[in-house]
file upload_9.txt (compact mmCIF, C-alpha atoms and all ligand atoms)
# COMPACT_ATOMS: atom_id res chain seq x y z
CA MET A 375 0.00 0.00 0.00
CA ALA A 376 1.27 3.46 -0.87
CA ASP A 377 1.74 5.82 2.09
CA THR A 378 0.81 9.02 0.26
CA VAL A 379 1.61 12.61 1.26
CA ALA A 380 -1.05 15.15 2.16
CA GLN A 381 -0.06 17.59 -0.59
CA PRO A 382 0.93 15.84 -3.84
CA ALA A 383 3.39 17.68 -6.07
CA THR A 384 4.71 17.43 -9.62
CA ILE A 385 8.34 16.24 -9.59
CA LEU A 386 10.67 16.19 -12.57
CA VAL A 387 13.18 13.32 -12.58
CA VAL A 388 16.18 13.96 -14.86
CA ASP A 389 18.47 10.98 -15.51
CA ASP A 390 19.92 9.44 -18.67
CA VAL A 391 19.76 5.87 -17.26
CA PRO A 392 16.24 4.41 -17.77
CA THR A 393 16.49 2.10 -14.70
CA ASN A 394 17.41 5.03 -12.42
CA ARG A 395 14.44 7.04 -13.75
CA LEU A 396 12.14 4.09 -13.23
CA VAL A 397 13.28 3.40 -9.64
CA LEU A 398 12.93 7.06 -8.59
CA GLU A 399 9.59 7.41 -10.40
CA ARG A 400 8.19 4.38 -8.55
CA GLN A 401 9.34 5.66 -5.17
CA LEU A 402 7.92 9.13 -5.76
CA VAL A 403 4.61 7.85 -7.13
CA ARG A 404 4.33 5.61 -4.07
CA LEU A 405 4.68 8.76 -1.94
CA GLY A 406 1.70 10.18 -3.84
CA HIS A 407 3.46 12.57 -6.22
CA ARG A 408 3.03 13.01 -9.94
CA VAL A 409 6.26 12.40 -11.89
CA VAL A 410 7.48 13.72 -15.22
CA LEU A 411 10.68 12.43 -16.81
CA ALA A 412 13.59 13.86 -18.82
CA GLU A 413 16.64 12.09 -20.24
CA ASP A 414 19.10 15.00 -20.04
CA GLY A 415 19.46 18.64 -19.03
CA ARG A 416 18.22 20.11 -22.31
CA GLU A 417 15.03 18.06 -22.29
CA ALA A 418 14.54 19.04 -18.64
CA ILE A 419 14.82 22.77 -19.41
CA GLU A 420 12.35 22.45 -22.33
CA LEU A 421 9.91 20.64 -20.10
CA LEU A 422 10.28 23.16 -17.25
CA ARG A 423 9.50 25.99 -19.65
CA ALA A 424 6.40 24.18 -20.92
CA GLN A 425 4.71 23.07 -17.70
CA PRO A 426 4.65 23.85 -13.98
CA VAL A 427 6.87 21.67 -11.79
CA ASP A 428 7.40 21.82 -8.00
CA LEU A 429 10.72 20.01 -7.60
CA ILE A 430 13.55 18.68 -9.75
CA MET A 431 15.58 15.50 -9.00
CA LEU A 432 18.72 16.02 -11.08
CA ASP A 433 21.42 13.56 -12.09
CA ILE A 434 24.85 15.09 -12.76
CA MET A 435 26.59 13.06 -15.45
CA MET A 436 24.37 13.08 -18.55
CA PRO A 437 24.95 13.51 -22.29
CA VAL A 438 23.81 16.60 -24.28
CA MET A 439 23.50 18.86 -21.20
CA ASN A 440 24.86 17.69 -17.85
CA GLY A 441 23.56 18.55 -14.37
CA PHE A 442 25.95 21.51 -13.85
CA GLU A 443 24.94 23.11 -17.14
CA ALA A 444 21.25 22.51 -16.49
CA LEU A 445 21.56 24.07 -13.00
CA ALA A 446 23.35 27.11 -14.42
CA VAL A 447 20.58 27.62 -17.04
CA MET A 448 17.84 27.26 -14.40
CA LYS A 449 19.41 29.66 -11.91
CA ALA A 450 19.95 32.26 -14.66
CA ASP A 451 16.27 32.12 -15.68
CA PRO A 452 14.00 34.28 -13.46
CA ALA A 453 11.05 31.97 -14.22
CA LEU A 454 12.90 28.83 -13.05
CA ARG A 455 15.34 30.21 -10.47
CA HIS A 456 13.04 29.56 -7.49
CA LEU A 457 12.47 25.85 -8.26
CA PRO A 458 14.18 23.56 -5.72
CA VAL A 459 16.70 21.09 -7.14
CA VAL A 460 17.80 17.89 -5.37
CA VAL A 461 20.98 16.50 -6.92
CA VAL A 462 20.99 12.69 -7.15
CA SER A 463 24.51 11.38 -7.51
CA ALA A 464 26.89 8.47 -7.06
CA LEU A 465 28.31 8.02 -3.54
CA ASP A 466 31.90 8.85 -4.52
CA ASP A 467 30.97 12.10 -6.21
CA ILE A 468 31.31 14.55 -3.28
CA ALA A 469 33.20 17.22 -5.29
CA SER A 470 30.48 17.31 -7.96
CA ILE A 471 27.77 17.60 -5.32
CA ALA A 472 29.63 20.49 -3.69
CA ARG A 473 29.79 22.20 -7.10
CA CYS A 474 26.03 21.72 -7.57
CA VAL A 475 25.30 23.24 -4.14
CA THR A 476 27.46 26.23 -5.11
CA LEU A 477 25.45 26.51 -8.34
CA GLY A 478 22.24 26.70 -6.30
CA ALA A 479 21.01 23.12 -5.66
CA GLU A 480 18.88 22.89 -2.51
CA ASP A 481 19.87 19.42 -1.37
CA PHE A 482 21.39 16.09 -2.51
CA LEU A 483 20.83 12.34 -2.33
CA PHE A 484 23.16 9.43 -3.03
CA LYS A 485 22.33 6.54 -5.35
CA PRO A 486 20.83 4.09 -4.66
CA VAL A 487 18.30 6.40 -3.11
CA GLU A 488 17.21 5.38 0.37
CA ARG A 489 13.41 5.60 0.77
CA VAL A 490 13.20 7.38 4.17
CA LEU A 491 15.86 9.94 3.21
CA LEU A 492 14.11 10.55 -0.13
CA GLU A 493 10.81 11.24 1.59
CA ALA A 494 12.39 13.60 4.16
CA ARG A 495 14.37 15.62 1.61
CA VAL A 496 11.55 15.84 -0.92
CA GLU A 497 9.11 16.99 1.80
CA SER A 498 11.45 19.64 3.21
CA CYS A 499 12.19 21.02 -0.29
CA LEU A 500 8.48 21.03 -1.16
CA GLU A 501 7.65 22.79 2.12
CA ARG A 502 10.10 25.60 1.28
CA LYS A 503 8.62 25.82 -2.22
CA ARG A 504 5.06 26.05 -0.79
CA LEU A 505 6.21 28.83 1.55
CA HIS A 506 7.80 30.66 -1.35
CA ASP A 507 4.65 30.23 -3.48
CA SER A 508 2.36 31.52 -0.74
CA GLU A 509 4.65 34.53 -0.16
CA GLN A 510 4.56 35.27 -3.89
CA ALA A 511 0.77 34.94 -3.95
CA ALA A 512 0.42 37.28 -0.94
CA TYR A 513 2.76 39.77 -2.59
CA ALA A 514 0.84 39.63 -5.87
CA ALA A 515 -2.48 40.10 -4.01
CA ALA A 516 -1.06 43.10 -2.10
CA GLU A 517 0.23 44.58 -5.37
CA ALA A 518 -3.16 44.10 -7.02
CA ALA A 519 -4.95 45.70 -4.03
CA ASN A 520 -2.52 48.61 -4.16
CA ARG A 521 -3.09 49.08 -7.88
CA ALA A 522 -6.86 49.01 -7.33
CA LYS A 523 -6.54 51.56 -4.52
CA GLY A 524 -4.37 53.80 -6.74
CA ALA A 525 -6.85 53.59 -9.61
CA PHE A 526 -9.73 54.38 -7.23
CA VAL A 527 -7.97 57.40 -5.69
CA SER A 528 -7.02 58.66 -9.12
CA MET A 529 -10.60 58.26 -10.43
CA VAL A 530 -12.16 59.95 -7.37
CA SER A 531 -9.67 62.86 -7.49
CA HIS A 532 -10.38 63.35 -11.17
CA GLU A 533 -14.17 63.23 -10.76
CA LEU A 534 -14.12 65.69 -7.82
CA LYS A 535 -11.87 68.18 -9.60
CA ASN A 536 -14.49 69.48 -12.05
CA PRO A 537 -17.31 70.18 -9.56
CA LEU A 538 -14.76 71.79 -7.24
CA THR A 539 -13.53 74.10 -10.00
CA GLY A 540 -17.20 75.02 -10.56
CA ILE A 541 -17.74 75.79 -6.87
CA ALA A 542 -14.61 77.97 -6.75
CA GLY A 543 -15.64 79.76 -9.97
CA TYR A 544 -19.19 80.53 -8.80
CA THR A 545 -17.88 81.66 -5.39
CA ASP A 546 -15.44 84.04 -7.11
CA MET A 547 -18.33 85.38 -9.19
CA LEU A 548 -20.39 86.03 -6.04
CA LEU A 549 -17.41 87.59 -4.25
CA LEU A 550 -16.80 89.94 -7.19
CA GLU A 551 -20.51 90.89 -6.83
CA THR A 552 -21.06 90.43 -10.57
CA VAL A 553 -24.49 88.93 -9.82
CA GLY A 554 -25.51 91.36 -7.11
CA PRO A 555 -24.20 92.94 -3.94
CA LEU A 556 -23.29 90.91 -0.83
CA ASN A 557 -23.70 92.17 2.69
CA GLU A 558 -20.75 91.86 5.11
CA LEU A 559 -21.85 88.55 6.60
CA GLN A 560 -22.60 87.04 3.18
CA GLY A 561 -19.14 88.16 1.99
CA GLU A 562 -17.53 86.51 5.01
CA CYS A 563 -19.40 83.26 4.34
CA MET A 564 -18.38 83.32 0.68
CA ARG A 565 -14.71 83.87 1.59
CA ALA A 566 -14.92 80.87 3.94
CA VAL A 567 -16.40 78.74 1.13
CA ARG A 568 -13.63 79.95 -1.22
CA ASN A 569 -10.92 79.01 1.33
CA LEU A 570 -12.41 75.57 1.88
CA ALA A 571 -12.60 74.97 -1.87
CA GLY A 572 -8.90 75.93 -2.04
CA LEU A 573 -8.05 73.41 0.68
CA MET A 574 -9.97 70.68 -1.12
CA LYS A 575 -8.14 71.52 -4.34
CA THR A 576 -4.80 71.10 -2.54
CA LEU A 577 -5.93 67.80 -1.04
CA LEU A 578 -7.04 66.49 -4.45
CA ALA A 579 -3.75 67.59 -6.06
CA ASP A 580 -1.83 65.84 -3.24
CA LEU A 581 -3.88 62.64 -3.60
CA THR A 582 -3.34 62.63 -7.37
CA ASP A 583 0.42 63.06 -6.84
CA ILE A 584 0.57 60.29 -4.23
CA SER A 585 -1.33 57.82 -6.41
CA GLN A 586 0.87 58.64 -9.42
CA ILE A 587 4.04 58.29 -7.36
CA GLU A 588 2.91 54.98 -5.84
CA SER A 589 1.93 53.53 -9.19
CA GLY A 590 5.16 54.74 -10.81
CA HIS A 591 3.18 56.89 -13.27
CA LEU A 592 4.41 60.31 -12.17
CA HIS A 593 5.69 62.10 -15.26
CA LEU A 594 8.90 64.08 -14.71
CA ALA A 595 10.69 66.06 -17.40
CA PRO A 596 14.16 66.80 -15.98
CA ALA A 597 16.13 69.49 -17.80
CA PRO A 598 18.69 72.15 -16.86
CA THR A 599 16.56 74.57 -14.84
CA SER A 600 17.29 77.95 -13.32
CA LEU A 601 16.96 77.81 -9.54
CA GLY A 602 16.47 81.59 -9.49
CA VAL A 603 13.43 81.37 -11.79
CA ALA A 604 11.93 78.50 -9.77
CA VAL A 605 12.52 80.36 -6.50
CA GLU A 606 10.77 83.45 -7.87
CA ALA A 607 7.76 81.39 -8.94
CA ALA A 608 7.59 79.71 -5.51
CA CYS A 609 7.95 83.04 -3.69
CA ASP A 610 5.16 84.53 -5.84
CA SER A 611 2.80 81.74 -4.85
CA VAL A 612 3.38 82.28 -1.10
CA ARG A 613 3.52 86.11 -1.24
CA LYS A 614 0.03 86.53 0.24
CA LEU A 615 0.68 84.03 3.07
CA ILE A 616 3.86 85.94 4.00
CA ALA A 617 2.06 89.28 3.92
CA ASP A 618 -0.83 87.95 6.04
CA LYS A 619 1.62 86.81 8.73
CA GLN A 620 3.96 89.80 8.32
CA HIS A 621 6.96 87.47 8.04
CA ARG A 622 10.27 88.59 6.61
CA LEU A 623 11.47 86.42 3.71
CA SER A 624 15.02 86.64 2.54
CA VAL A 625 16.40 84.83 -0.52
CA ASP A 626 20.10 84.41 -0.97
CA LEU A 627 21.40 82.75 -4.13
CA PRO A 628 25.08 82.92 -5.18
CA ALA A 629 25.71 84.58 -8.54
CA ASN A 630 27.62 81.72 -10.15
CA LEU A 631 25.22 78.91 -9.23
CA PRO A 632 24.88 76.39 -12.09
CA HIS A 633 21.47 75.29 -13.33
CA ILE A 634 19.76 72.38 -11.58
CA VAL A 635 18.72 69.28 -13.51
CA ALA A 636 15.07 68.99 -12.52
CA ASP A 637 11.49 69.16 -13.72
CA GLU A 638 10.80 72.88 -13.34
CA VAL A 639 7.15 72.53 -12.26
CA ARG A 640 8.09 69.96 -9.61
CA LEU A 641 11.06 72.04 -8.42
CA VAL A 642 8.66 74.95 -7.85
CA GLN A 643 6.35 72.53 -6.00
CA ILE A 644 9.20 71.39 -3.69
CA LEU A 645 10.18 74.98 -2.91
CA THR A 646 6.57 76.13 -2.45
CA ASN A 647 5.84 73.29 -0.06
CA LEU A 648 8.90 73.95 2.12
CA LEU A 649 8.24 77.70 2.10
CA SER A 650 4.55 77.37 2.95
CA ASN A 651 5.38 75.01 5.85
CA ALA A 652 7.97 77.50 7.11
CA ILE A 653 5.34 80.27 6.89
CA LYS A 654 2.57 78.21 8.51
CA TYR A 655 4.64 76.86 11.38
CA THR A 656 6.31 80.16 12.35
CA SER A 657 4.51 82.55 14.68
CA ALA A 658 4.03 86.06 13.27
CA PRO A 659 6.20 87.96 12.65
CA GLY A 660 9.06 85.55 11.91
CA THR A 661 12.03 85.24 9.59
CA ILE A 662 12.31 82.77 6.72
CA THR A 663 15.48 82.40 4.67
CA LEU A 664 15.93 80.51 1.42
CA SER A 665 19.53 79.97 0.39
CA ALA A 666 21.50 77.73 -1.94
CA ARG A 667 25.08 76.66 -2.52
CA ARG A 668 27.04 74.21 -4.56
CA ALA A 669 27.46 71.16 -2.28
CA ASP A 670 30.03 69.51 -4.57
CA ALA A 671 30.81 69.16 -8.28
CA ASN A 672 27.54 67.33 -8.89
CA LEU A 673 25.01 68.71 -6.42
CA ILE A 674 23.26 71.95 -5.54
CA GLN A 675 22.05 72.22 -1.94
CA VAL A 676 19.03 74.38 -1.08
CA ALA A 677 18.07 75.34 2.49
CA VAL A 678 14.78 76.78 3.80
CA ARG A 679 15.25 78.09 7.33
CA ASP A 680 12.53 79.41 9.64
CA SER A 681 12.42 80.90 13.11
CA GLY A 682 9.28 78.92 13.91
CA ILE A 683 7.90 76.54 16.49
CA GLY A 684 10.27 73.70 15.55
CA ILE A 685 9.53 69.98 15.41
CA PRO A 686 9.39 68.12 18.75
CA ALA A 687 12.16 65.48 19.00
CA ALA A 688 9.57 62.71 19.46
CA GLU A 689 7.93 63.56 16.11
CA GLN A 690 11.03 64.11 14.03
CA GLY A 691 11.16 60.50 12.81
CA ARG A 692 7.61 60.68 11.46
CA ILE A 693 7.19 63.92 9.57
CA PHE A 694 7.83 62.40 6.12
CA GLU A 695 5.14 59.74 6.69
CA PRO A 696 1.99 60.22 4.61
CA PHE A 697 -0.83 61.99 6.53
CA PHE A 698 1.37 62.67 9.56
CA ARG A 699 0.56 65.95 11.33
CA SER A 700 1.94 67.01 14.67
CA SER A 701 -0.27 66.59 17.72
CA GLU A 702 0.60 70.19 18.71
CA ALA A 703 -2.47 72.42 18.81
CA ARG A 704 -0.60 75.20 16.92
CA ILE A 705 0.00 72.81 14.02
CA GLY A 706 -3.58 71.53 14.02
CA ALA A 707 -4.82 75.12 13.79
CA GLU A 708 -3.06 75.55 10.43
CA PRO A 709 -4.60 74.13 7.24
CA GLY A 710 -2.85 71.02 5.94
CA THR A 711 -3.18 67.43 4.78
CA GLY A 712 0.02 65.86 6.10
CA LEU A 713 0.91 64.81 2.54
CA GLY A 714 3.15 67.71 1.52
CA LEU A 715 6.45 66.50 2.95
CA ASN A 716 5.87 62.92 1.82
CA ILE A 717 5.32 64.11 -1.76
CA THR A 718 8.24 66.53 -1.50
CA ARG A 719 10.56 63.74 -0.40
CA HIS A 720 9.46 61.56 -3.33
CA LEU A 721 9.91 64.45 -5.77
CA VAL A 722 13.44 65.09 -4.51
CA LYS A 723 14.44 61.42 -4.49
CA LEU A 724 12.92 60.70 -7.91
CA GLN A 725 15.12 63.47 -9.28
CA GLY A 726 18.32 62.10 -7.76
CA GLY A 727 18.48 64.18 -4.57
CA GLN A 728 18.23 63.88 -0.80
CA ILE A 729 16.13 65.78 1.73
CA TRP A 730 16.68 66.21 5.48
CA PHE A 731 16.14 68.74 8.23
CA GLU A 732 17.50 70.14 11.48
CA SER A 733 15.04 71.32 14.08
CA ALA A 734 14.68 72.15 17.76
CA SER A 735 11.40 72.83 19.53
CA GLY A 736 10.87 76.57 19.89
CA GLU A 737 14.01 77.43 17.93
CA GLY A 738 13.01 76.88 14.31
CA THR A 739 13.61 74.40 11.53
CA THR A 740 15.82 74.19 8.47
CA PHE A 741 14.96 71.87 5.59
CA PHE A 742 17.79 71.01 3.20
CA PHE A 743 17.55 69.28 -0.15
CA THR A 744 20.01 68.50 -2.91
CA LEU A 745 19.45 68.06 -6.63
CA PRO A 746 21.94 67.35 -9.43
CA ALA A 747 23.79 70.33 -10.89
CA ALA A 748 23.82 70.68 -14.68
CA GLY A 749 27.13 69.39 -16.13
CA ALA A 750 28.99 72.64 -16.62
CA ALA A 751 28.58 75.89 -14.72
CA LEU A 752 26.29 77.85 -17.03
CA PRO A 753 26.70 81.59 -17.54
CA PRO A 754 24.32 83.61 -15.37
CA ALA A 755 20.95 83.28 -17.08
CA GLU A 756 18.87 84.37 -14.11
CA PRO A 757 16.82 87.54 -13.92
CA ALA A 758 18.98 90.27 -12.40
CA THR A 759 16.94 90.39 -9.20
CA SER A 760 17.47 86.76 -8.27
CA LEU A 761 21.19 86.24 -8.72
CA GLY A 762 24.08 87.60 -6.81
CA THR A 763 21.71 89.48 -4.57
CA THR A 764 19.78 88.98 -1.41
CA PHE A 765 16.21 90.05 -1.86
CA LEU A 766 13.91 90.61 1.03
CA TRP A 767 10.16 90.93 1.50
P1 LIG B 801 1.01 69.61 6.50
O1 LIG B 801 1.82 70.88 6.52
O2 LIG B 801 -0.06 69.64 5.50
O3 LIG B 801 0.57 69.20 7.87
P2 LIG B 801 3.44 68.26 5.69
O4 LIG B 801 3.60 66.88 5.17
O5 LIG B 801 3.93 69.37 4.84
O6 LIG B 801 1.92 68.40 6.03
O7 LIG B 801 4.17 68.34 7.09
C1 LIG B 801 3.97 67.28 8.03
C2 LIG B 801 4.17 67.77 9.44
O8 LIG B 801 5.56 68.11 9.63
C3 LIG B 801 3.42 69.04 9.77
O9 LIG B 801 2.08 68.79 10.13
C4 LIG B 801 4.24 69.56 10.95
O10 LIG B 801 3.91 68.83 12.11
C5 LIG B 801 5.67 69.19 10.55
N1 LIG B 801 6.39 70.30 9.87
C6 LIG B 801 6.68 70.40 8.57
N2 LIG B 801 7.39 71.52 8.31
C7 LIG B 801 7.56 72.13 9.50
C8 LIG B 801 8.24 73.32 9.91
N3 LIG B 801 8.87 74.11 9.02
N4 LIG B 801 8.23 73.63 11.21
C9 LIG B 801 7.61 72.83 12.13
N5 LIG B 801 6.96 71.69 11.81
C10 LIG B 801 6.93 71.34 10.51
call {"tool": "encode", "arguments": {"input": "upload_9.txt", "output": "structure tokens", "more": "lines below"}}
Ligand code: ADP
result
Amino acid sequence: MADTVAQPATILVVDDVPTNRLVLERQLVRLGHRVVLAEDGREAIELLRAQPVDLIMLDIMMPVMNGFEALAVMKADPALRHLPVVVVSALDDIASIARCVTLGAEDFLFKPVERVLLEARVESCLERKRLHDSEQAAYAAAEAANRAKGAFVSMVSHELKNPLTGIAGYTDMLLLETVGPLNELQGECMRAVRNLAGLMKTLLADLTDISQIESGHLHLAPAPTSLGVAVEAACDSVRKLIADKQHRLSVDLPANLPHIVADEVRLVQILTNLLSNAIKYTSAPGTITLSARRADANLIQVAVRDSGIGIPAAEQGRIFEPFFRSSEARIGAEPGTGLGLNITRHLVKLQGGQIWFESASGEGTTFFFTLPAAGAALPPAEPATSLGTTFLW
């Protein structure tokens, strides 16, 4: 009577001697497994590429393609590399077995194969293969769930964008009183609606960025870019926030700074995000400084320093996490999604740079980031106001 295993597998037996194949086949079938046969390494590889197999019992000395060559082909093929191989060899062939183990064989057996040892080795190899397969399946399921989540977020962001643009447009129309006068209270309500629509627009833009980054679909167009021009665009977009808080912003860029290799729109986004955080998390009136220098032959380093509330030591390890916002009441009072720094870090890293910060509670924060410098130092192409000068607001 055959004492069969609980989980039958498909096992490929590779041996050029028909009697050896037959003996091993009988033993494995008796254990409850399905067996396929090959006469040499080449036939084995062809078979492995044509049908799924769980384990390979491989002889070493064979014509056409021997065991070493077959092992080398398998381990070089990403589709076959994970398959366990048990080398079945003659007792006096220790050196060959050692070579097979070096080439990636999982285990070995000596001929004539002893039944109990065969069962133990086959089972332990199959157990490792099952573990590997279930890990792969879990990974594939997680990937699929992540893709579905990304597609959902991207679809929802897209569908919400149009109505939101409509709400902002109609609110602007009402605020401009083109459809009739507003009393003071109505004006206040409309301004609140306009602000909230702005926050939702930022959240949707952040969600779109995150889903594109996670799915690897974020489009970047790196090219030699003027840091001065990008800094001016970023400063323009935070001008009102600075004025509202009566902060002092100073920008200091050296005259001979080379261009940065970056996507200009995304460089402006990085700068705007760091500046708006510095503005938000600094009590009025504070000082914010943006400066840059050449870190080495290949990198430009930019720093955004504020005199703000700082980041508590206990939270410093978490601020780049998506959706992280400090538990401090002063932070919670400011508008934000907790996605800005996470996106900023991705944007810097995707463009070949690094980002880090130094901060102490109550003493302010400085964010630093690097991006690649364009090959040669380019002649000053910046607008006169932004290079070789310090400009203050
Ligand atoms: P958000 O500003 O929308 O909350 P971010 O991802 O930009 O999200 O920042 C995450 C958190 O990091 C902030 O909520 C805040 O706690 C902290 N943080 C970022 N920049 C500063 C800064 N310049 N000063 C103090 N805390 C900061």
call {"tool": "atom_distance", "arguments": {"input": "upload_9.txt", "atom1": "atom CA of Gly590 of chain A", "atom2": "atom CA of Leu713 of chain A"}}
result
17.3 Å
call {"tool": "residues_around", "arguments": {"input": "upload_9.txt", "residues": "Leu386 of chain A", "least_positions_apart": "3", "cutoff": "9 Å", "atoms": "all atoms listed in the file", "output": "list of chain:residue names"}}
result
A:Arg408, A:Val409, A:Val410, A:Leu411, A:Ala412, A:Ala418, A:Leu421, A:Leu422, A:Val427, A:Asp428, A:Leu429, A:Ile430, A:Met431, A:Leu432
call {"tool": "atom_distance", "arguments": {"input": "upload_9.txt", "atom1": "atom CA of Ala450 of chain A", "atom2": "atom CA of Ala512 of chain A"}}
result
24.4 Å
call {"tool": "residues_near_ligand", "arguments": {"input": "upload_9.txt", "ligand": "ligand LIG 801 (chain B)", "cutoff": "9 Å", "atoms": "all atoms listed in the file", "output": "ChimeraX atom specification"}}
result
/A:577,647-656,678-686,689-690,692-702,705-706,708-718,733,735,738-741
call {"tool": "atom_distance", "arguments": {"input": "upload_9.txt", "atom1": "atom CA of Asn520 of chain A", "atom2": "atom CA of Leu592 of chain A"}}
result
15.8 Å
call {"tool": "closest_atom_pairs", "arguments": {"input": "upload_9.txt", "of": "segment 408-461 of chain A", "to": "segment 472-489 of chain A", "cutoff": "6 Å", "atoms": "all atoms listed in the file", "output": "CSV"}}
result
residue,atom,partner,partner_atom,distance
A:Pro458,CA,A:Glu480,CA,5.7
A:Val459,CA,A:Ala479,CA,5.0
A:Val460,CA,A:Asp481,CA,4.8
A:Val461,CA,A:Phe482,CA,4.4
call {"tool": "residues_around", "arguments": {"input": "upload_9.txt", "residues": "Leu534 of chain A", "least_positions_apart": "4", "cutoff": "10 Å", "atoms": "all atoms listed in the file", "output": "JSON, numbers by chain"}}
result
{"A": [529, 530, 538, 539, 574, 575, 578]}
call {"tool": "residues_near_point", "arguments": {"input": "upload_9.txt", "point": "(-15.2, 81.6, -7.0)", "cutoff": "10 Å", "atoms": "only C-alpha atoms", "output": "ChimeraX atom specification"}}
result
/A:538-550,564-565,567-569,571-572
call {"tool": "residues_around", "arguments": {"input": "upload_9.txt", "residues": "Arg416 of chain A", "least_positions_apart": "3", "cutoff": "10 Å", "atoms": "all atoms listed in the file", "output": "ChimeraX atom specification"}}
result
/A:388,412-413,419-422,437-441,443-444,447
call {"tool": "write_last_selection", "arguments": {"input": "upload_9.txt", "atoms": "C-alpha atoms", "output": "PDB file, in the coordinates of the input"}}
result
ATOM      1  CA  VAL A 388      16.180  13.960 -14.860  1.00  0.00           C
ATOM      2  CA  ALA A 412      13.590  13.860 -18.820  1.00  0.00           C
ATOM      3  CA  GLU A 413      16.640  12.090 -20.240  1.00  0.00           C
ATOM      4  CA  ILE A 419      14.820  22.770 -19.410  1.00  0.00           C
ATOM      5  CA  GLU A 420      12.350  22.450 -22.330  1.00  0.00           C
ATOM      6  CA  LEU A 421       9.910  20.640 -20.100  1.00  0.00           C
ATOM      7  CA  LEU A 422      10.280  23.160 -17.250  1.00  0.00           C
ATOM      8  CA  PRO A 437      24.950  13.510 -22.290  1.00  0.00           C
ATOM      9  CA  VAL A 438      23.810  16.600 -24.280  1.00  0.00           C
ATOM     10  CA  MET A 439      23.500  18.860 -21.200  1.00  0.00           C
ATOM     11  CA  ASN A 440      24.860  17.690 -17.850  1.00  0.00           C
ATOM     12  CA  GLY A 441      23.560  18.550 -14.370  1.00  0.00           C
ATOM     13  CA  GLU A 443      24.940  23.110 -17.140  1.00  0.00           C
ATOM     14  CA  ALA A 444      21.250  22.510 -16.490  1.00  0.00           C
ATOM     15  CA  VAL A 447      20.580  27.620 -17.040  1.00  0.00           C
TER      16      VAL A 447
END
call {"tool": "closest_residue", "arguments": {"input": "upload_9.txt", "among": "A:Ala446, A:Ala669, A:Ala687, A:Leu402", "to": "Ala494 of chain A", "atoms": "only C-alpha atoms"}}
result
A:Leu402
call {"tool": "closest_residue", "arguments": {"input": "upload_9.txt", "among": "A:Asn394, A:Thr576, A:Gln425, A:Ser665", "to": "Ala464 of chain A", "atoms": "only C-alpha atoms"}}
result
A:Asn394
call {"tool": "closest_residue", "arguments": {"input": "upload_9.txt", "among": "A:Ser585, A:Ser463, A:Gln510, A:Thr552", "to": "His532 of chain A", "atoms": "all atoms listed in the file"}}
result
A:Ser585
call {"tool": "closest_residue", "arguments": {"input": "upload_9.txt", "among": "A:Asp451, A:His456, A:His591, A:Gln728", "to": "Leu505 of chain A", "atoms": "only C-alpha atoms"}}
result
A:His456
call {"tool": "decode", "arguments": {"input": "upload_9.txt", "residues": "segment 601-609 of chain A", "atoms": "N, CA, C and O atoms", "output": "short mmCIF file (atom, residue, chain, number, x, y, z; two decimals), in the first residue's frame"}}
result
data_model
loop_
_atom_site.label_atom_id
_atom_site.label_comp_id
_atom_site.auth_asym_id
_atom_site.auth_seq_id
_atom_site.Cartn_x
_atom_site.Cartn_y
_atom_site.Cartn_z
N LEU A 601 17.50 77.80 -10.90
CA LEU A 601 16.96 77.81 -9.54
C LEU A 601 16.34 79.17 -9.24
O LEU A 601 15.29 79.27 -8.61
N GLY A 602 16.98 80.24 -9.75
CA GLY A 602 16.47 81.59 -9.49
C GLY A 602 15.04 81.75 -9.99
O GLY A 602 14.18 82.29 -9.29
N VAL A 603 14.77 81.25 -11.21
CA VAL A 603 13.43 81.37 -11.79
C VAL A 603 12.43 80.56 -10.97
O VAL A 603 11.33 81.03 -10.66
N ALA A 604 12.83 79.35 -10.57
CA ALA A 604 11.93 78.50 -9.77
C ALA A 604 11.65 79.13 -8.41
O ALA A 604 10.52 79.12 -7.92
N VAL A 605 12.69 79.72 -7.81
CA VAL A 605 12.52 80.36 -6.50
C VAL A 605 11.55 81.54 -6.62
O VAL A 605 10.66 81.72 -5.78
N GLU A 606 11.68 82.31 -7.70
CA GLU A 606 10.77 83.45 -7.87
C GLU A 606 9.32 82.98 -7.99
O GLU A 606 8.41 83.57 -7.41
N ALA A 607 9.13 81.90 -8.76
CA ALA A 607 7.76 81.39 -8.94
C ALA A 607 7.20 80.91 -7.60
O ALA A 607 6.05 81.17 -7.26
N ALA A 608 8.05 80.21 -6.81
CA ALA A 608 7.59 79.71 -5.51
C ALA A 608 7.28 80.87 -4.57
O ALA A 608 6.27 80.87 -3.87
N CYS A 609 8.17 81.88 -4.58
CA CYS A 609 7.95 83.04 -3.69
C CYS A 609 6.65 83.76 -4.07
O CYS A 609 5.90 84.20 -3.21
#
